[in-house]
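*Asks:* Before anything else, here's the structure in question.
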Amino acid sequence: DCSMANWVLVSICSLELMTMALKEVYGLLKKDGIFVALVNNEDFVGKRSQTWRNGEAGKVYNSGDEIISTFFKDGSEDIAVHNYFWTKEDYCTALRNAGFNQVRSFVPNYNNEEIIQEIKYLQDKGFFPEVDYKIDKKEAPTRLIVGIK
């Protein structure tokens, strides 16, 4: 019925390989099944969110360029992850080439009450204890890409 990939597509080094992987997902979905991918928002490159930064500030990236995502742990320890830079058009084209219809892309609004309640719940369980649940309105580090079979 549905499949989701959270920061998986950012690790694929070419659009051809991404399309091949998406064709596999497409083949596993039922008719009218939905695929959702959470990816980096290319408009937020180089900017720091509360917990991470995707790429270097001021650097211009082209499709397929390697990009380093740096996660900040405990305010000082950094964890670097090597990914690839893709635009929303790259992701949408790969989904369409894999057979998906009604492909769309959007940046979610993190400050709605439902998400704030979810984050508070997770914090009560010990997840993200140091992260302020109110995200700056200018902070938009992620993008959702959606396609329907």
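By order of appearance in the structure tokens: chains A, B, ..., then residues from 1 within every chain, and ligands from 1 in the order shown.
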Quick one: DSSP helix (DSSP H, G or I) residues in chain A, as a PyMOL selection string?

*Replies:* chain A and resi 9-11+15-28+42-44+88-97+113-124

*Asks:* Compile the contact shell of A:Gly46 as a count of residues only: residues with an atom at most 12 Å away, counting only C-alpha atoms, same-chain residues fewer than 6 positions apart removed.

*Replies:* 19

*Asks:* Just asking: which residues within stretch 51-110 of chain A are strand (DSSP E or B) according to DSSP, as a short mmCIF file (atom, residue, chain, number, x, y, z; two decimals) with N, CA, C and O atoms, in the first residue's frame?

*Replies:*
```cif
data_model
loop_
_atom_site.label_atom_id
_atom_site.label_comp_id
_atom_site.auth_asym_id
_atom_site.auth_seq_id
_atom_site.Cartn_x
_atom_site.Cartn_y
_atom_site.Cartn_z
N TRP A 52 21.73 19.51 12.61
CA TRP A 52 22.63 19.14 11.52
C TRP A 52 22.75 20.25 10.48
O TRP A 52 21.99 21.20 10.47
N ARG A 53 23.77 20.08 9.62
CA ARG A 53 23.98 20.97 8.48
C ARG A 53 24.28 20.10 7.28
O ARG A 53 25.06 19.16 7.34
N ASN A 54 23.65 20.42 6.16
CA ASN A 54 23.84 19.66 4.93
C ASN A 54 24.69 20.50 3.97
O ASN A 54 24.20 21.44 3.37
N GLU A 66 29.16 15.10 -4.48
CA GLU A 66 29.17 14.59 -3.11
C GLU A 66 28.94 15.76 -2.16
O GLU A 66 29.45 16.87 -2.39
N ILE A 67 28.17 15.51 -1.13
CA ILE A 67 27.86 16.53 -0.13
C ILE A 67 27.96 15.89 1.25
O ILE A 67 27.57 14.73 1.42
N ILE A 68 28.53 16.60 2.19
CA ILE A 68 28.70 16.07 3.54
C ILE A 68 27.58 16.62 4.43
O ILE A 68 27.39 17.83 4.52
N SER A 69 26.85 15.72 5.07
CA SER A 69 25.87 16.11 6.07
C SER A 69 26.53 15.91 7.42
O SER A 69 27.03 14.83 7.73
N THR A 70 26.55 16.97 8.22
CA THR A 70 27.19 16.93 9.53
C THR A 70 26.11 17.00 10.61
O THR A 70 25.31 17.92 10.64
N PHE A 71 26.11 16.00 11.47
CA PHE A 71 25.16 15.93 12.58
C PHE A 71 25.90 16.34 13.85
O PHE A 71 27.04 15.93 14.08
N PHE A 72 25.24 17.13 14.68
CA PHE A 72 25.85 17.63 15.90
C PHE A 72 25.27 16.88 17.08
O PHE A 72 24.07 16.86 17.28
N LYS A 73 26.15 16.24 17.82
CA LYS A 73 25.73 15.45 18.97
C LYS A 73 26.26 16.12 20.24
O LYS A 73 27.44 16.46 20.31
N GLU A 77 30.27 17.11 19.56
CA GLU A 77 30.73 16.00 18.75
C GLU A 77 30.00 16.00 17.40
O GLU A 77 28.79 16.06 17.33
N ASP A 78 30.76 15.94 16.31
CA ASP A 78 30.19 15.94 14.97
C ASP A 78 30.25 14.54 14.36
O ASP A 78 31.20 13.81 14.56
N ILE A 79 29.22 14.21 13.61
CA ILE A 79 29.18 12.96 12.86
C ILE A 79 28.96 13.35 11.40
O ILE A 79 27.97 13.99 11.07
N ALA A 80 29.90 12.97 10.52
CA ALA A 80 29.81 13.33 9.10
C ALA A 80 29.32 12.14 8.29
O ALA A 80 29.80 11.03 8.46
N VAL A 81 28.36 12.40 7.41
CA VAL A 81 27.81 11.38 6.53
C VAL A 81 27.97 11.86 5.09
O VAL A 81 27.61 12.99 4.77
N HIS A 82 28.52 11.00 4.23
CA HIS A 82 28.72 11.35 2.82
C HIS A 82 27.47 10.99 2.03
O HIS A 82 27.03 9.84 2.04
N ASN A 83 26.91 11.98 1.36
CA ASN A 83 25.73 11.81 0.53
C ASN A 83 25.97 12.44 -0.83
O ASN A 83 27.09 12.83 -1.14
N TYR A 84 24.90 12.55 -1.61
CA TYR A 84 24.98 13.19 -2.93
C TYR A 84 23.91 14.25 -3.02
O TYR A 84 22.83 14.12 -2.45
N ASN A 101 3.19 8.17 -10.94
CA ASN A 101 2.32 9.25 -11.40
C ASN A 101 2.10 10.23 -10.25
O ASN A 101 2.44 9.94 -9.11
N GLN A 102 1.46 11.33 -10.58
CA GLN A 102 1.11 12.34 -9.57
C GLN A 102 2.29 12.63 -8.66
O GLN A 102 2.16 12.70 -7.43
N VAL A 103 3.46 12.79 -9.25
CA VAL A 103 4.67 13.06 -8.49
C VAL A 103 4.65 14.52 -8.05
O VAL A 103 4.36 15.42 -8.84
N ARG A 104 4.91 14.73 -6.78
CA ARG A 104 4.99 16.10 -6.29
C ARG A 104 6.04 16.22 -5.19
O ARG A 104 6.45 15.22 -4.61
N SER A 105 6.42 17.44 -4.93
CA SER A 105 7.47 17.73 -3.98
C SER A 105 7.02 18.90 -3.10
O SER A 105 6.44 19.85 -3.61
N PHE A 106 7.30 18.80 -1.81
CA PHE A 106 6.99 19.94 -0.94
C PHE A 106 7.85 19.90 0.31
O PHE A 106 8.40 18.87 0.70
#
```

*Asks:* Find the residues around stretch 11-21 of chain A up to 7 Å (only C-alpha atoms counted), leave out those fewer than 6 positions away in its own chain, and share them as a list in words.

*Replies:*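 Listed by chain and then number, they are Gly64, Asn83, Tyr84, Ala94, Leu95, Asn97 and Ala98 of chain A.
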
*Asks:* What does the file look like for those residues with N, CA and C atoms, as a PDB file, in the first residue's frame?

*Replies:*
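Full text of out-v7.pdb as output:
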```
ATOM      1  N   GLY A  64      24.487  15.412  -8.404  1.00  0.00           N
ATOM      2  CA  GLY A  64      25.437  14.312  -8.347  1.00  0.00           C
ATOM      3  C   GLY A  64      26.709  14.604  -7.572  1.00  0.00           C
ATOM      4  N   ASN A  83      26.907  11.980   1.360  1.00  0.00           N
ATOM      5  CA  ASN A  83      25.726  11.810   0.534  1.00  0.00           C
ATOM      6  C   ASN A  83      25.972  12.438  -0.828  1.00  0.00           C
ATOM      7  N   TYR A  84      24.899  12.555  -1.614  1.00  0.00           N
ATOM      8  CA  TYR A  84      24.976  13.185  -2.926  1.00  0.00           C
ATOM      9  C   TYR A  84      23.906  14.254  -3.020  1.00  0.00           C
ATOM     10  N   ALA A  94      13.344  11.075 -11.538  1.00  0.00           N
ATOM     11  CA  ALA A  94      13.646   9.660 -11.270  1.00  0.00           C
ATOM     12  C   ALA A  94      12.364   8.892 -10.937  1.00  0.00           C
ATOM     13  N   LEU A  95      11.472   9.492 -10.146  1.00  0.00           N
ATOM     14  CA  LEU A  95      10.205   8.829  -9.831  1.00  0.00           C
ATOM     15  C   LEU A  95       9.357   8.634 -11.081  1.00  0.00           C
ATOM     16  N   ASN A  97      10.402   8.480 -14.187  1.00  0.00           N
ATOM     17  CA  ASN A  97      11.072   7.493 -15.042  1.00  0.00           C
ATOM     18  C   ASN A  97      10.895   6.068 -14.514  1.00  0.00           C
ATOM     19  N   ALA A  98      10.636   5.945 -13.217  1.00  0.00           N
ATOM     20  CA  ALA A  98      10.389   4.625 -12.626  1.00  0.00           C
ATOM     21  C   ALA A  98       8.933   4.203 -12.798  1.00  0.00           C
TER      22      ALA A  98
END
```

*Asks:* Hey, which of A:Pro108, A:Val36, A:Lys149, A:Thr87 ends up closest to A:Val8? Count only C-alpha atoms.

*Replies:*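 Of A:Pro108, A:Val36, A:Lys149, A:Thr87, the one nearest A:Val8, counting only C-alpha atoms, is A:Val36.
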
*Asks:* Pick the closest to A:Leu28 from A:Trp7, A:Cys2, A:Phe44, A:Leu122: which is it, counting only C-alpha atoms?

*Replies:*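 Looking only at the distances to A:Leu28, the closest residue turns out to be A:Cys2.
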
*Asks:* Tell me which of A:Leu144, A:Ala37, A:Leu22, A:Leu29 sits closest to A:Arg96, counting only C-alpha atoms.

*Replies:* A:Leu22

*Asks:* Grab the atom CA of A:Val146 to atom CA of A:Val10 distance for me, in Å with one decimal place.

*Replies:* 15.0 Å

*Asks:* Have a look at atom CA of A:Leu38 and atom CA of A:Lys88 and let me know their distance in Å, one decimal.

*Replies:*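 Calculated distance between atom CA of A:Leu38 and atom CA of A:Lys88 is 11.1 Å.
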